[in-house]
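Enquirer: File start04.pdb below, PDB, C-alpha atoms, pLDDT in the B column:
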```
ATOM      1  CA  PRO A   1     -21.245 -12.850  46.195  1.00 48.00           C
ATOM      2  CA  PHE A   2     -21.552 -16.575  45.564  1.00 43.00           C
ATOM      3  CA  HIS A   3     -24.915 -16.877  47.338  1.00 47.00           C
ATOM      4  CA  THR A   4     -26.944 -15.371  44.500  1.00 45.00           C
ATOM      5  CA  ILE A   5     -28.387 -17.093  41.449  1.00 43.00           C
ATOM      6  CA  THR A   6     -30.522 -15.241  38.942  1.00 44.00           C
ATOM      7  CA  ILE A   7     -33.524 -17.360  37.987  1.00 41.00           C
ATOM      8  CA  SER A   8     -36.068 -16.498  35.312  1.00 42.00           C
ATOM      9  CA  ARG A   9     -39.598 -16.367  36.693  1.00 41.00           C
ATOM     10  CA  SER A  10     -41.152 -17.699  33.496  1.00 44.00           C
ATOM     11  CA  PRO A  11     -38.839 -20.407  32.134  1.00 49.00           C
ATOM     12  CA  PRO A  12     -39.954 -21.901  28.835  1.00 41.00           C
ATOM     13  CA  HIS A  13     -39.356 -25.539  29.700  1.00 54.00           C
ATOM     14  CA  CYS A  14     -39.445 -25.874  33.478  1.00 58.00           C
ATOM     15  CA  LEU A  15     -42.271 -27.671  35.226  1.00 57.00           C
ATOM     16  CA  MET A  16     -43.098 -28.069  38.888  1.00 52.00           C
ATOM     17  CA  PRO A  17     -45.725 -30.829  38.773  1.00 53.00           C
ATOM     18  CA  SER A  18     -47.319 -31.803  42.067  1.00 56.00           C
ATOM     19  CA  SER A  19     -46.411 -35.405  41.267  1.00 76.00           C
ATOM     20  CA  TYR A  20     -42.664 -34.627  41.370  1.00 89.00           C
ATOM     21  CA  ASN A  21     -41.257 -34.987  44.851  1.00 93.00           C
ATOM     22  CA  PRO A  22     -37.652 -36.222  45.095  1.00 95.00           C
ATOM     23  CA  LEU A  23     -38.250 -37.344  48.666  1.00 95.00           C
ATOM     24  CA  SER A  24     -40.790 -39.909  47.460  1.00 95.00           C
ATOM     25  CA  ALA A  25     -38.207 -41.914  45.482  1.00 96.00           C
ATOM     26  CA  SER A  26     -38.129 -45.571  46.499  1.00 96.00           C
ATOM     27  CA  LYS A  27     -34.587 -45.941  45.169  1.00 97.00           C
ATOM     28  CA  ILE A  28     -31.784 -43.958  43.601  1.00 98.00           C
ATOM     29  CA  ILE A  29     -29.811 -45.591  40.808  1.00 98.00           C
ATOM     30  CA  CYS A  30     -26.411 -44.151  39.892  1.00 97.00           C
ATOM     31  CA  LEU A  31     -24.489 -44.922  36.718  1.00 95.00           C
ATOM     32  CA  LEU A  32     -20.845 -45.834  37.002  1.00 89.00           C
ATOM     33  CA  ARG A  33     -18.348 -44.214  34.596  1.00 87.00           C
ATOM     34  CA  ASN A  34     -20.778 -43.121  31.910  1.00 92.00           C
ATOM     35  CA  TYR A  35     -18.448 -40.408  30.574  1.00 88.00           C
ATOM     36  CA  ALA A  36     -15.123 -41.613  29.173  1.00 80.00           C
ATOM     37  CA  ALA A  37     -13.209 -38.516  30.295  1.00 73.00           C
ATOM     38  CA  HIS A  38     -14.316 -39.027  33.897  1.00 73.00           C
ATOM     39  CA  ALA A  39     -13.222 -42.664  33.849  1.00 67.00           C
ATOM     40  CA  HIS A  40      -9.837 -41.592  32.509  1.00 72.00           C
ATOM     41  CA  GLU A  41      -9.331 -38.839  35.097  1.00 75.00           C
ATOM     42  CA  LEU A  42      -9.743 -41.360  37.924  1.00 68.00           C
ATOM     43  CA  LYS A  43      -7.670 -43.956  36.038  1.00 72.00           C
ATOM     44  CA  ASN A  44     -10.581 -46.383  35.842  1.00 72.00           C
ATOM     45  CA  PRO A  45     -11.505 -48.669  32.942  1.00 76.00           C
ATOM     46  CA  ILE A  46     -14.672 -47.966  30.969  1.00 78.00           C
ATOM     47  CA  PRO A  47     -17.319 -50.623  31.677  1.00 79.00           C
ATOM     48  CA  GLY A  48     -18.403 -52.790  28.755  1.00 84.00           C
ATOM     49  CA  ASN A  49     -22.019 -52.591  29.851  1.00 91.00           C
ATOM     50  CA  VAL A  50     -24.325 -50.517  32.062  1.00 94.00           C
ATOM     51  CA  VAL A  51     -23.009 -50.728  35.642  1.00 93.00           C
ATOM     52  CA  PHE A  52     -24.721 -48.984  38.542  1.00 96.00           C
ATOM     53  CA  PHE A  53     -24.892 -48.666  42.303  1.00 96.00           C
ATOM     54  CA  LEU A  54     -27.544 -47.376  44.714  1.00 97.00           C
ATOM     55  CA  LYS A  55     -27.767 -44.415  47.056  1.00 97.00           C
ATOM     56  CA  PRO A  56     -30.300 -44.372  49.925  1.00 97.00           C
ATOM     57  CA  PRO A  57     -33.301 -42.009  49.738  1.00 97.00           C
ATOM     58  CA  SER A  58     -32.144 -40.563  53.070  1.00 97.00           C
ATOM     59  CA  SER A  59     -29.188 -38.981  51.220  1.00 98.00           C
ATOM     60  CA  ILE A  60     -31.528 -36.614  49.323  1.00 98.00           C
ATOM     61  CA  LEU A  61     -31.182 -32.885  50.009  1.00 98.00           C
ATOM     62  CA  VAL A  62     -33.713 -30.817  48.051  1.00 98.00           C
ATOM     63  CA  HIS A  63     -32.679 -27.403  46.771  1.00 98.00           C
ATOM     64  CA  ASP A  64     -34.530 -24.484  48.354  1.00 97.00           C
ATOM     65  CA  PRO A  65     -34.154 -21.178  46.450  1.00 95.00           C
ATOM     66  CA  GLN A  66     -35.203 -19.220  49.543  1.00 96.00           C
ATOM     67  CA  ASN A  67     -32.959 -20.921  52.117  1.00 97.00           C
ATOM     68  CA  LEU A  68     -29.436 -22.168  51.442  1.00 98.00           C
ATOM     69  CA  GLN A  69     -29.188 -25.886  52.195  1.00 98.00           C
ATOM     70  CA  TYR A  70     -25.921 -27.479  53.275  1.00 98.00           C
ATOM     71  CA  ILE A  71     -23.990 -30.534  52.178  1.00 98.00           C
ATOM     72  CA  GLU A  72     -22.520 -31.967  55.368  1.00 98.00           C
ATOM     73  CA  SER A  73     -18.932 -33.229  55.285  1.00 97.00           C
ATOM     74  CA  PRO A  74     -18.005 -35.737  58.010  1.00 96.00           C
ATOM     75  CA  VAL A  75     -14.719 -34.752  59.632  1.00 95.00           C
ATOM     76  CA  TYR A  76     -12.972 -37.953  58.497  1.00 94.00           C
ATOM     77  CA  CYS A  77     -14.163 -37.723  54.862  1.00 96.00           C
ATOM     78  CA  ASN A  78     -12.669 -36.098  51.773  1.00 97.00           C
ATOM     79  CA  ILE A  79     -15.784 -35.322  49.746  1.00 98.00           C
ATOM     80  CA  ASP A  80     -15.978 -34.745  45.983  1.00 98.00           C
ATOM     81  CA  HIS A  81     -18.699 -33.236  43.806  1.00 97.00           C
ATOM     82  CA  GLU A  82     -20.142 -35.047  40.760  1.00 97.00           C
ATOM     83  CA  VAL A  83     -22.815 -33.216  38.731  1.00 97.00           C
ATOM     84  CA  GLU A  84     -25.328 -35.433  36.921  1.00 97.00           C
ATOM     85  CA  LEU A  85     -28.436 -35.362  34.766  1.00 97.00           C
ATOM     86  CA  VAL A  86     -31.227 -37.152  36.640  1.00 98.00           C
ATOM     87  CA  ALA A  87     -34.052 -39.058  34.961  1.00 97.00           C
ATOM     88  CA  VAL A  88     -37.226 -39.141  37.061  1.00 97.00           C
ATOM     89  CA  ILE A  89     -39.323 -42.231  36.473  1.00 97.00           C
ATOM     90  CA  GLY A  90     -42.988 -41.525  35.805  1.00 96.00           C
ATOM     91  CA  LYS A  91     -44.413 -44.978  35.121  1.00 96.00           C
ATOM     92  CA  GLN A  92     -43.648 -48.333  36.701  1.00 97.00           C
ATOM     93  CA  GLY A  93     -41.905 -50.817  34.452  1.00 98.00           C
ATOM     94  CA  ARG A  94     -39.957 -54.043  34.291  1.00 98.00           C
ATOM     95  CA  ASP A  95     -37.966 -55.439  31.346  1.00 98.00           C
ATOM     96  CA  ILE A  96     -38.524 -52.191  29.453  1.00 98.00           C
ATOM     97  CA  PRO A  97     -37.423 -52.229  25.774  1.00 98.00           C
ATOM     98  CA  GLU A  98     -35.064 -49.407  24.811  1.00 97.00           C
ATOM     99  CA  GLN A  99     -37.538 -48.021  22.283  1.00 97.00           C
ATOM    100  CA  GLN A 100     -40.148 -47.605  25.029  1.00 98.00           C
ATOM    101  CA  ALA A 101     -37.838 -46.390  27.774  1.00 98.00           C
ATOM    102  CA  LEU A 102     -38.477 -42.646  27.494  1.00 96.00           C
ATOM    103  CA  SER A 103     -42.226 -43.225  27.847  1.00 97.00           C
ATOM    104  CA  HIS A 104     -41.454 -44.258  31.435  1.00 97.00           C
ATOM    105  CA  VAL A 105     -39.724 -40.941  32.206  1.00 97.00           C
ATOM    106  CA  LYS A 106     -41.644 -38.166  33.953  1.00 96.00           C
ATOM    107  CA  GLY A 107     -38.934 -35.611  33.313  1.00 96.00           C
ATOM    108  CA  PHE A 108     -35.329 -34.627  33.919  1.00 97.00           C
ATOM    109  CA  THR A 109     -33.612 -32.706  36.665  1.00 97.00           C
ATOM    110  CA  LEU A 110     -30.127 -32.159  38.097  1.00 98.00           C
ATOM    111  CA  GLY A 111     -28.409 -33.733  41.072  1.00 98.00           C
ATOM    112  CA  LEU A 112     -24.991 -34.051  42.689  1.00 98.00           C
ATOM    113  CA  ASP A 113     -23.563 -37.427  43.604  1.00 98.00           C
ATOM    114  CA  ILE A 114     -21.430 -36.424  46.584  1.00 98.00           C
ATOM    115  CA  THR A 115     -18.746 -39.000  47.267  1.00 97.00           C
ATOM    116  CA  ALA A 116     -16.413 -39.559  50.216  1.00 97.00           C
ATOM    117  CA  ARG A 117     -13.491 -40.338  47.934  1.00 96.00           C
ATOM    118  CA  ASN A 118     -11.149 -41.613  50.639  1.00 96.00           C
ATOM    119  CA  LEU A 119     -13.774 -44.086  51.861  1.00 95.00           C
ATOM    120  CA  GLN A 120     -14.506 -45.165  48.295  1.00 94.00           C
ATOM    121  CA  LYS A 121     -10.827 -45.806  47.571  1.00 93.00           C
ATOM    122  CA  ASN A 122     -10.504 -47.826  50.769  1.00 95.00           C
ATOM    123  CA  ALA A 123     -13.583 -49.871  49.858  1.00 94.00           C
ATOM    124  CA  LYS A 124     -12.247 -50.555  46.365  1.00 90.00           C
ATOM    125  CA  THR A 125      -8.855 -51.609  47.754  1.00 93.00           C
ATOM    126  CA  ASN A 126     -10.525 -54.100  50.073  1.00 95.00           C
ATOM    127  CA  ALA A 127     -13.163 -55.246  47.547  1.00 94.00           C
ATOM    128  CA  HIS A 128     -15.924 -53.896  49.784  1.00 94.00           C
ATOM    129  CA  PRO A 129     -19.217 -52.229  48.730  1.00 92.00           C
ATOM    130  CA  TRP A 130     -19.282 -48.456  48.275  1.00 89.00           C
ATOM    131  CA  ALA A 131     -22.384 -47.734  50.338  1.00 94.00           C
ATOM    132  CA  GLU A 132     -20.561 -45.837  53.076  1.00 95.00           C
ATOM    133  CA  SER A 133     -18.822 -43.493  50.642  1.00 97.00           C
ATOM    134  CA  LYS A 134     -22.043 -42.633  48.807  1.00 96.00           C
ATOM    135  CA  GLY A 135     -24.740 -42.857  51.431  1.00 97.00           C
ATOM    136  CA  PHE A 136     -24.314 -40.123  54.035  1.00 97.00           C
ATOM    137  CA  ASP A 137     -27.233 -37.791  54.696  1.00 97.00           C
ATOM    138  CA  THR A 138     -27.088 -34.762  52.302  1.00 98.00           C
ATOM    139  CA  PHE A 139     -24.974 -36.687  49.754  1.00 98.00           C
ATOM    140  CA  LEU A 140     -27.602 -36.237  47.026  1.00 98.00           C
ATOM    141  CA  PRO A 141     -28.355 -32.526  46.586  1.00 98.00           C
ATOM    142  CA  ILE A 142     -31.047 -32.258  43.903  1.00 98.00           C
ATOM    143  CA  SER A 143     -33.188 -29.637  42.171  1.00 97.00           C
ATOM    144  CA  GLU A 144     -36.744 -29.048  43.303  1.00 96.00           C
ATOM    145  CA  LYS A 145     -37.775 -28.566  39.669  1.00 96.00           C
ATOM    146  CA  ILE A 146     -38.161 -30.878  36.699  1.00 95.00           C
ATOM    147  CA  LEU A 147     -37.833 -30.448  32.935  1.00 95.00           C
ATOM    148  CA  ASP A 148     -40.375 -31.759  30.447  1.00 90.00           C
ATOM    149  CA  THR A 149     -39.134 -34.751  28.455  1.00 89.00           C
ATOM    150  CA  ASP A 150     -40.409 -33.229  25.216  1.00 87.00           C
ATOM    151  CA  THR A 151     -38.361 -30.061  25.507  1.00 84.00           C
ATOM    152  CA  LEU A 152     -34.989 -31.230  26.829  1.00 91.00           C
ATOM    153  CA  ASP A 153     -32.757 -32.246  23.928  1.00 91.00           C
ATOM    154  CA  LEU A 154     -30.748 -35.161  25.297  1.00 91.00           C
ATOM    155  CA  ALA A 155     -28.267 -34.787  22.438  1.00 88.00           C
ATOM    156  CA  LYS A 156     -27.432 -31.214  23.387  1.00 88.00           C
ATOM    157  CA  ALA A 157     -28.157 -30.673  27.098  1.00 94.00           C
ATOM    158  CA  LYS A 158     -25.160 -29.079  28.800  1.00 96.00           C
ATOM    159  CA  LEU A 159     -24.397 -29.555  32.488  1.00 97.00           C
ATOM    160  CA  PHE A 160     -22.123 -27.309  34.513  1.00 98.00           C
ATOM    161  CA  LEU A 161     -20.855 -26.991  38.067  1.00 98.00           C
ATOM    162  CA  LYS A 162     -18.997 -24.181  39.817  1.00 98.00           C
ATOM    163  CA  VAL A 163     -17.367 -23.990  43.234  1.00 98.00           C
ATOM    164  CA  ASN A 164     -16.997 -20.519  44.734  1.00 98.00           C
ATOM    165  CA  GLY A 165     -17.681 -19.076  41.287  1.00 98.00           C
ATOM    166  CA  ALA A 166     -14.971 -21.075  39.483  1.00 98.00           C
ATOM    167  CA  GLU A 167     -16.194 -23.557  36.886  1.00 98.00           C
ATOM    168  CA  ARG A 168     -15.048 -27.145  37.424  1.00 97.00           C
ATOM    169  CA  GLN A 169     -17.378 -29.300  35.354  1.00 97.00           C
ATOM    170  CA  ARG A 170     -19.015 -28.696  31.967  1.00 96.00           C
ATOM    171  CA  ALA A 171     -20.114 -31.275  29.422  1.00 93.00           C
ATOM    172  CA  SER A 172     -22.864 -32.239  27.020  1.00 94.00           C
ATOM    173  CA  THR A 173     -25.084 -35.234  27.702  1.00 93.00           C
ATOM    174  CA  ASN A 174     -24.213 -36.237  24.150  1.00 92.00           C
ATOM    175  CA  ASP A 175     -20.892 -37.386  25.629  1.00 91.00           C
ATOM    176  CA  MET A 176     -22.564 -40.114  27.670  1.00 93.00           C
ATOM    177  CA  ILE A 177     -21.436 -43.641  26.772  1.00 92.00           C
ATOM    178  CA  TYR A 178     -24.861 -45.150  27.451  1.00 94.00           C
ATOM    179  CA  SER A 179     -28.022 -43.232  26.570  1.00 95.00           C
ATOM    180  CA  VAL A 180     -30.909 -42.694  28.966  1.00 96.00           C
ATOM    181  CA  SER A 181     -32.933 -45.288  27.044  1.00 97.00           C
ATOM    182  CA  GLU A 182     -30.153 -47.859  27.282  1.00 97.00           C
ATOM    183  CA  ILE A 183     -29.758 -47.190  30.994  1.00 97.00           C
ATOM    184  CA  ILE A 184     -33.466 -47.531  31.785  1.00 98.00           C
ATOM    185  CA  SER A 185     -33.776 -50.721  29.769  1.00 98.00           C
ATOM    186  CA  ALA A 186     -30.727 -52.313  31.402  1.00 98.00           C
ATOM    187  CA  VAL A 187     -31.692 -51.389  34.953  1.00 98.00           C
ATOM    188  CA  SER A 188     -35.294 -52.529  34.497  1.00 98.00           C
ATOM    189  CA  LYS A 189     -34.082 -56.005  33.582  1.00 98.00           C
ATOM    190  CA  ILE A 190     -32.729 -56.293  37.122  1.00 98.00           C
ATOM    191  CA  MET A 191     -35.214 -54.360  39.238  1.00 98.00           C
ATOM    192  CA  THR A 192     -38.674 -52.919  38.695  1.00 98.00           C
ATOM    193  CA  LEU A 193     -38.595 -49.148  38.242  1.00 98.00           C
ATOM    194  CA  GLN A 194     -41.301 -47.339  40.177  1.00 97.00           C
ATOM    195  CA  GLU A 195     -42.772 -43.873  39.851  1.00 96.00           C
ATOM    196  CA  ASN A 196     -40.469 -41.165  41.242  1.00 96.00           C
ATOM    197  CA  ASP A 197     -37.389 -43.397  41.264  1.00 98.00           C
ATOM    198  CA  LEU A 198     -34.311 -41.362  40.370  1.00 98.00           C
ATOM    199  CA  ILE A 199     -31.620 -42.397  37.888  1.00 98.00           C
ATOM    200  CA  LEU A 200     -28.384 -40.419  38.011  1.00 98.00           C
ATOM    201  CA  THR A 201     -26.883 -40.873  34.563  1.00 97.00           C
ATOM    202  CA  GLY A 202     -23.199 -40.402  35.371  1.00 94.00           C
ATOM    203  CA  THR A 203     -20.822 -37.488  35.842  1.00 93.00           C
ATOM    204  CA  PRO A 204     -18.472 -35.839  33.340  1.00 92.00           C
ATOM    205  CA  ALA A 205     -14.821 -35.024  33.982  1.00 89.00           C
ATOM    206  CA  GLY A 206     -13.789 -32.350  36.447  1.00 93.00           C
ATOM    207  CA  VAL A 207     -14.828 -33.899  39.756  1.00 94.00           C
ATOM    208  CA  GLY A 208     -13.077 -32.300  42.693  1.00 95.00           C
ATOM    209  CA  ARG A 209     -12.848 -31.716  46.404  1.00 97.00           C
ATOM    210  CA  LEU A 210     -15.334 -29.775  48.503  1.00 98.00           C
ATOM    211  CA  VAL A 211     -14.496 -28.339  51.918  1.00 98.00           C
ATOM    212  CA  PRO A 212     -16.558 -26.575  54.581  1.00 98.00           C
ATOM    213  CA  GLY A 213     -17.211 -22.992  53.541  1.00 98.00           C
ATOM    214  CA  ASP A 214     -17.498 -23.770  49.840  1.00 98.00           C
ATOM    215  CA  VAL A 215     -20.563 -22.786  47.826  1.00 98.00           C
ATOM    216  CA  VAL A 216     -21.548 -25.055  44.938  1.00 98.00           C
ATOM    217  CA  GLN A 217     -23.604 -23.864  41.970  1.00 98.00           C
ATOM    218  CA  ALA A 218     -24.751 -26.154  39.182  1.00 98.00           C
ATOM    219  CA  GLY A 219     -27.322 -26.255  36.421  1.00 98.00           C
ATOM    220  CA  ILE A 220     -28.518 -27.329  33.028  1.00 97.00           C
ATOM    221  CA  GLU A 221     -27.585 -24.580  30.593  1.00 96.00           C
ATOM    222  CA  ASP A 222     -30.384 -22.551  28.994  1.00 94.00           C
ATOM    223  CA  THR A 223     -32.982 -23.898  31.439  1.00 94.00           C
ATOM    224  CA  ASP A 224     -34.299 -22.825  34.810  1.00 93.00           C
ATOM    225  CA  ILE A 225     -32.666 -25.776  36.539  1.00 96.00           C
ATOM    226  CA  GLN A 226     -30.146 -23.946  38.711  1.00 97.00           C
ATOM    227  CA  ILE A 227     -29.111 -25.118  42.167  1.00 98.00           C
ATOM    228  CA  GLU A 228     -26.888 -23.759  44.912  1.00 98.00           C
ATOM    229  CA  PHE A 229     -25.699 -25.447  48.103  1.00 98.00           C
ATOM    230  CA  GLY A 230     -23.304 -24.610  50.874  1.00 98.00           C
ATOM    231  CA  VAL A 231     -20.836 -27.025  52.462  1.00 98.00           C
ATOM    232  CA  ARG A 232     -20.297 -27.374  56.194  1.00 98.00           C
ATOM    233  CA  GLN A 233     -18.748 -29.861  58.584  1.00 97.00           C
ATOM    234  CA  ARG A 234     -21.147 -32.457  59.904  1.00 95.00           C
ATOM    235  CA  GLU A 235     -21.715 -32.303  63.633  1.00 89.00           C
ATOM    236  CA  GLU A 236     -20.600 -35.620  65.078  1.00 79.00           C
ATOM    237  CA  GLN A 237     -22.842 -37.241  67.635  1.00 66.00           C
ATOM    238  CA  VAL A 238     -21.074 -38.489  70.767  1.00 59.00           C
TER     239      VAL A 238
END
```
I'd like the structure from this file rewritten - as structure tokens, please.

Expert:
Amino acid sequence: PFHTITISRSPPHCLMPSSYNPLSASKIICLLRNYAAHAHELKNPIPGNVVFFLKPPSSILVHDPQNLQYIESPVYCNIDHEVELVAVIGKQGRDIPEQQALSHVKGFTLGLDITARNLQKNAKTNAHPWAESKGFDTFLPISEKILDTDTLDLAKAKLFLKVNGAERQRASTNDMIYSVSEIISAVSKIMTLQENDLILTGTPAGVGRLVPGDVVQAGIEDTDIQIEFGVRQREEQV
């Protein structure tokens, strides 16, 4: 019963432009602790400025409404889901002022920042980078569709995530500590943003464990951005 999502065939705000291809992203930028409740649930301090990390493009897993795609869980990993609004860059920019930031956005979509929490905790304990915990293949499930920037209200957009039909995450993007404009401006002062780069804007509270056999559903409420992925154990290569 959890393998069915009803999708409107004529959504009012959903675009599928030929120029949007998640697999063409040169980099994936992920915001750290951009929702206060999420920082609190993991007993982490709230950063005093925009802090981010990177995921590799090889972690991208594009949603296919016709064929269920699978998040792969390595046998030695405890993986968690994190639902996030994703800004898709549409125009290259460097040192972008906040007031011009949204003009560099092609649109918005939805992604999951899958995290091997046990590896992340070990890395943090040893003051090591997080790349291993964030970078496995399939650790960025993402929608194949994109929302127009003019029609998504960033003050009211509501994200949700369910596992096996039970809701685990729900929040408004209005709860973000740093706005999309602030994020783009801050990141562009460090690295040039290129067309089709993806910016994951942080996850709300409610992150939790995924195990093989689970089915994950997530979306942006009142839009046609709805995704569904299965979870299975990754086959280890000898």

Enquirer: Evaluate the PyMOL selection byres ((chain A and resi 205-210) around 8) and record the selected residues as a PyMOL selection string, following the chain and residue labels used in the document.

Expert: chain A and resi 35+37-39+41+78-82+168-171+203-204+211-212+214+231

Enquirer: What's the 9 Å shell around Leu152 in chain A, counting all atoms listed in the file, without same-chain residues fewer than 4 positions away, as an mmCIF file with C-alpha atoms, in the frame of the given file?

Expert:
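The file below, selection-v2.cif, is the result:
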```cif
data_model
loop_
_atom_site.group_PDB
_atom_site.id
_atom_site.type_symbol
_atom_site.label_atom_id
_atom_site.label_comp_id
_atom_site.auth_asym_id
_atom_site.auth_seq_id
_atom_site.Cartn_x
_atom_site.Cartn_y
_atom_site.Cartn_z
ATOM 1 C CA HIS A 13 -39.356 -25.539 29.700
ATOM 2 C CA GLY A 107 -38.934 -35.611 33.313
ATOM 3 C CA PHE A 108 -35.329 -34.627 33.919
ATOM 4 C CA LEU A 147 -37.833 -30.448 32.935
ATOM 5 C CA ASP A 148 -40.375 -31.759 30.447
ATOM 6 C CA LYS A 156 -27.432 -31.214 23.387
ATOM 7 C CA ALA A 157 -28.157 -30.673 27.098
ATOM 8 C CA THR A 223 -32.982 -23.898 31.439
#
```

Enquirer: Could you work out how far CA of Lys106 in chain A lies from CA of Asp64 in chain A, giving the answer in Å with one decimal?

Expert: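 These two atoms are separated by 21.1 Å.
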
Enquirer: Using only C-alpha atoms, I'd like a table of the residues in range 44-116 of chain A that come within 8 Å of range 127-133 of chain A; for each, show the closest atom pair and its distance in Å rounded to one decimal, ordered by chain and ascending number, as JSON lines.

Expert:
```
{"residue": "A:Leu54", "atom": "CA", "partner": "A:Ala131", "partner_atom": "CA", "distance": 7.6}
{"residue": "A:Lys55", "atom": "CA", "partner": "A:Ala131", "partner_atom": "CA", "distance": 7.1}
{"residue": "A:Thr115", "atom": "CA", "partner": "A:Ser133", "partner_atom": "CA", "distance": 5.6}
{"residue": "A:Ala116", "atom": "CA", "partner": "A:Ser133", "partner_atom": "CA", "distance": 4.6}
```

Enquirer: Just the residues within 12 Å of Gln194 in chain A, please, counting only C-alpha atoms, with nothing from its chain fewer than 4 positions along; format it as a PyMOL selection string.

Expert: chain A and resi 24-29+88-94+104-106+184+187-188+198-199

Enquirer: Just write the chosen residues, C-alpha atoms, as a PDB file, keeping the file's coordinate frame.

Expert:
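What landed in result31.pdb:
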```pdb
ATOM      1  CA  SER A  24     -40.790 -39.909  47.460  1.00 95.00           C
ATOM      2  CA  ALA A  25     -38.207 -41.914  45.482  1.00 96.00           C
ATOM      3  CA  SER A  26     -38.129 -45.571  46.499  1.00 96.00           C
ATOM      4  CA  LYS A  27     -34.587 -45.941  45.169  1.00 97.00           C
ATOM      5  CA  ILE A  28     -31.784 -43.958  43.601  1.00 98.00           C
ATOM      6  CA  ILE A  29     -29.811 -45.591  40.808  1.00 98.00           C
ATOM      7  CA  VAL A  88     -37.226 -39.141  37.061  1.00 97.00           C
ATOM      8  CA  ILE A  89     -39.323 -42.231  36.473  1.00 97.00           C
ATOM      9  CA  GLY A  90     -42.988 -41.525  35.805  1.00 96.00           C
ATOM     10  CA  LYS A  91     -44.413 -44.978  35.121  1.00 96.00           C
ATOM     11  CA  GLN A  92     -43.648 -48.333  36.701  1.00 97.00           C
ATOM     12  CA  GLY A  93     -41.905 -50.817  34.452  1.00 98.00           C
ATOM     13  CA  ARG A  94     -39.957 -54.043  34.291  1.00 98.00           C
ATOM     14  CA  HIS A 104     -41.454 -44.258  31.435  1.00 97.00           C
ATOM     15  CA  VAL A 105     -39.724 -40.941  32.206  1.00 97.00           C
ATOM     16  CA  LYS A 106     -41.644 -38.166  33.953  1.00 96.00           C
ATOM     17  CA  ILE A 184     -33.466 -47.531  31.785  1.00 98.00           C
ATOM     18  CA  VAL A 187     -31.692 -51.389  34.953  1.00 98.00           C
ATOM     19  CA  SER A 188     -35.294 -52.529  34.497  1.00 98.00           C
ATOM     20  CA  LEU A 198     -34.311 -41.362  40.370  1.00 98.00           C
ATOM     21  CA  ILE A 199     -31.620 -42.397  37.888  1.00 98.00           C
TER      22      ILE A 199
END
```

Enquirer: Would you mind telling me which residue in A:Ala166, A:Leu32, A:Ile96, A:Val215 lies nearest to Asn49 in chain A when using all atoms listed in the file?

Expert: A:Leu32

Enquirer: Identify all residues satisfying the PyMOL selection byres ((chain A and resi 232) around 7) in the given file; provide them as a ChimeraX atom specification.

Expert: /A:70-73,212-213,230-231,233-234

Enquirer: Which is closest to Pro57 in chain A among A:Thr109, A:Asn196, A:Thr151, A:Ser19, if we use all atoms listed in the file?

Expert: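 Selected residue with least distance to Pro57 in chain A: A:Asn196.
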
Enquirer: Would you please work out which residue, of A:Val216, A:Val62, A:Leu68, A:Ile46, is nearest to Asp137 in chain A when using all atoms listed in the file?

Expert: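 Closest to Asp137 in chain A of all the choices is A:Val62.
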
Enquirer: What would range 78-89 of chain A look like with N, CA and C atoms in place, written as a PDB file, keeping the file's coordinate frame?

Expert:
```
ATOM      1  N   ASN A  78     -13.042 -37.021  52.839  1.00 97.00           N
ATOM      2  CA  ASN A  78     -12.669 -36.098  51.773  1.00 97.00           C
ATOM      3  C   ASN A  78     -13.761 -36.203  50.709  1.00 97.00           C
ATOM      4  N   ILE A  79     -14.629 -35.202  50.626  1.00 98.00           N
ATOM      5  CA  ILE A  79     -15.784 -35.322  49.746  1.00 98.00           C
ATOM      6  C   ILE A  79     -15.561 -34.630  48.405  1.00 98.00           C
ATOM      7  N   ASP A  80     -16.064 -35.266  47.343  1.00 98.00           N
ATOM      8  CA  ASP A  80     -15.978 -34.745  45.983  1.00 98.00           C
ATOM      9  C   ASP A  80     -17.372 -34.477  45.430  1.00 98.00           C
ATOM     10  N   HIS A  81     -17.453 -33.522  44.520  1.00 97.00           N
ATOM     11  CA  HIS A  81     -18.699 -33.236  43.806  1.00 97.00           C
ATOM     12  C   HIS A  81     -18.723 -33.999  42.491  1.00 97.00           C
ATOM     13  N   GLU A  82     -19.925 -34.420  42.067  1.00 97.00           N
ATOM     14  CA  GLU A  82     -20.142 -35.047  40.760  1.00 97.00           C
ATOM     15  C   GLU A  82     -21.517 -34.583  40.266  1.00 97.00           C
ATOM     16  N   VAL A  83     -21.551 -33.730  39.249  1.00 97.00           N
ATOM     17  CA  VAL A  83     -22.815 -33.216  38.731  1.00 97.00           C
ATOM     18  C   VAL A  83     -23.395 -34.213  37.725  1.00 97.00           C
ATOM     19  N   GLU A  84     -24.726 -34.416  37.778  1.00 97.00           N
ATOM     20  CA  GLU A  84     -25.328 -35.433  36.921  1.00 97.00           C
ATOM     21  C   GLU A  84     -26.747 -35.060  36.476  1.00 97.00           C
ATOM     22  N   LEU A  85     -27.058 -35.418  35.234  1.00 97.00           N
ATOM     23  CA  LEU A  85     -28.436 -35.362  34.766  1.00 97.00           C
ATOM     24  C   LEU A  85     -29.205 -36.488  35.454  1.00 97.00           C
ATOM     25  N   VAL A  86     -30.408 -36.167  35.927  1.00 98.00           N
ATOM     26  CA  VAL A  86     -31.227 -37.152  36.640  1.00 98.00           C
ATOM     27  C   VAL A  86     -32.511 -37.405  35.864  1.00 98.00           C
ATOM     28  N   ALA A  87     -32.773 -38.663  35.562  1.00 97.00           N
ATOM     29  CA  ALA A  87     -34.052 -39.058  34.961  1.00 97.00           C
ATOM     30  C   ALA A  87     -35.010 -39.441  36.081  1.00 97.00           C
ATOM     31  N   VAL A  88     -36.203 -38.856  36.052  1.00 97.00           N
ATOM     32  CA  VAL A  88     -37.226 -39.141  37.061  1.00 97.00           C
ATOM     33  C   VAL A  88     -38.253 -40.087  36.442  1.00 97.00           C
ATOM     34  N   ILE A  89     -38.403 -41.244  37.021  1.00 97.00           N
ATOM     35  CA  ILE A  89     -39.323 -42.231  36.473  1.00 97.00           C
ATOM     36  C   ILE A  89     -40.777 -41.809  36.733  1.00 97.00           C
TER      37      ILE A  89
END
```
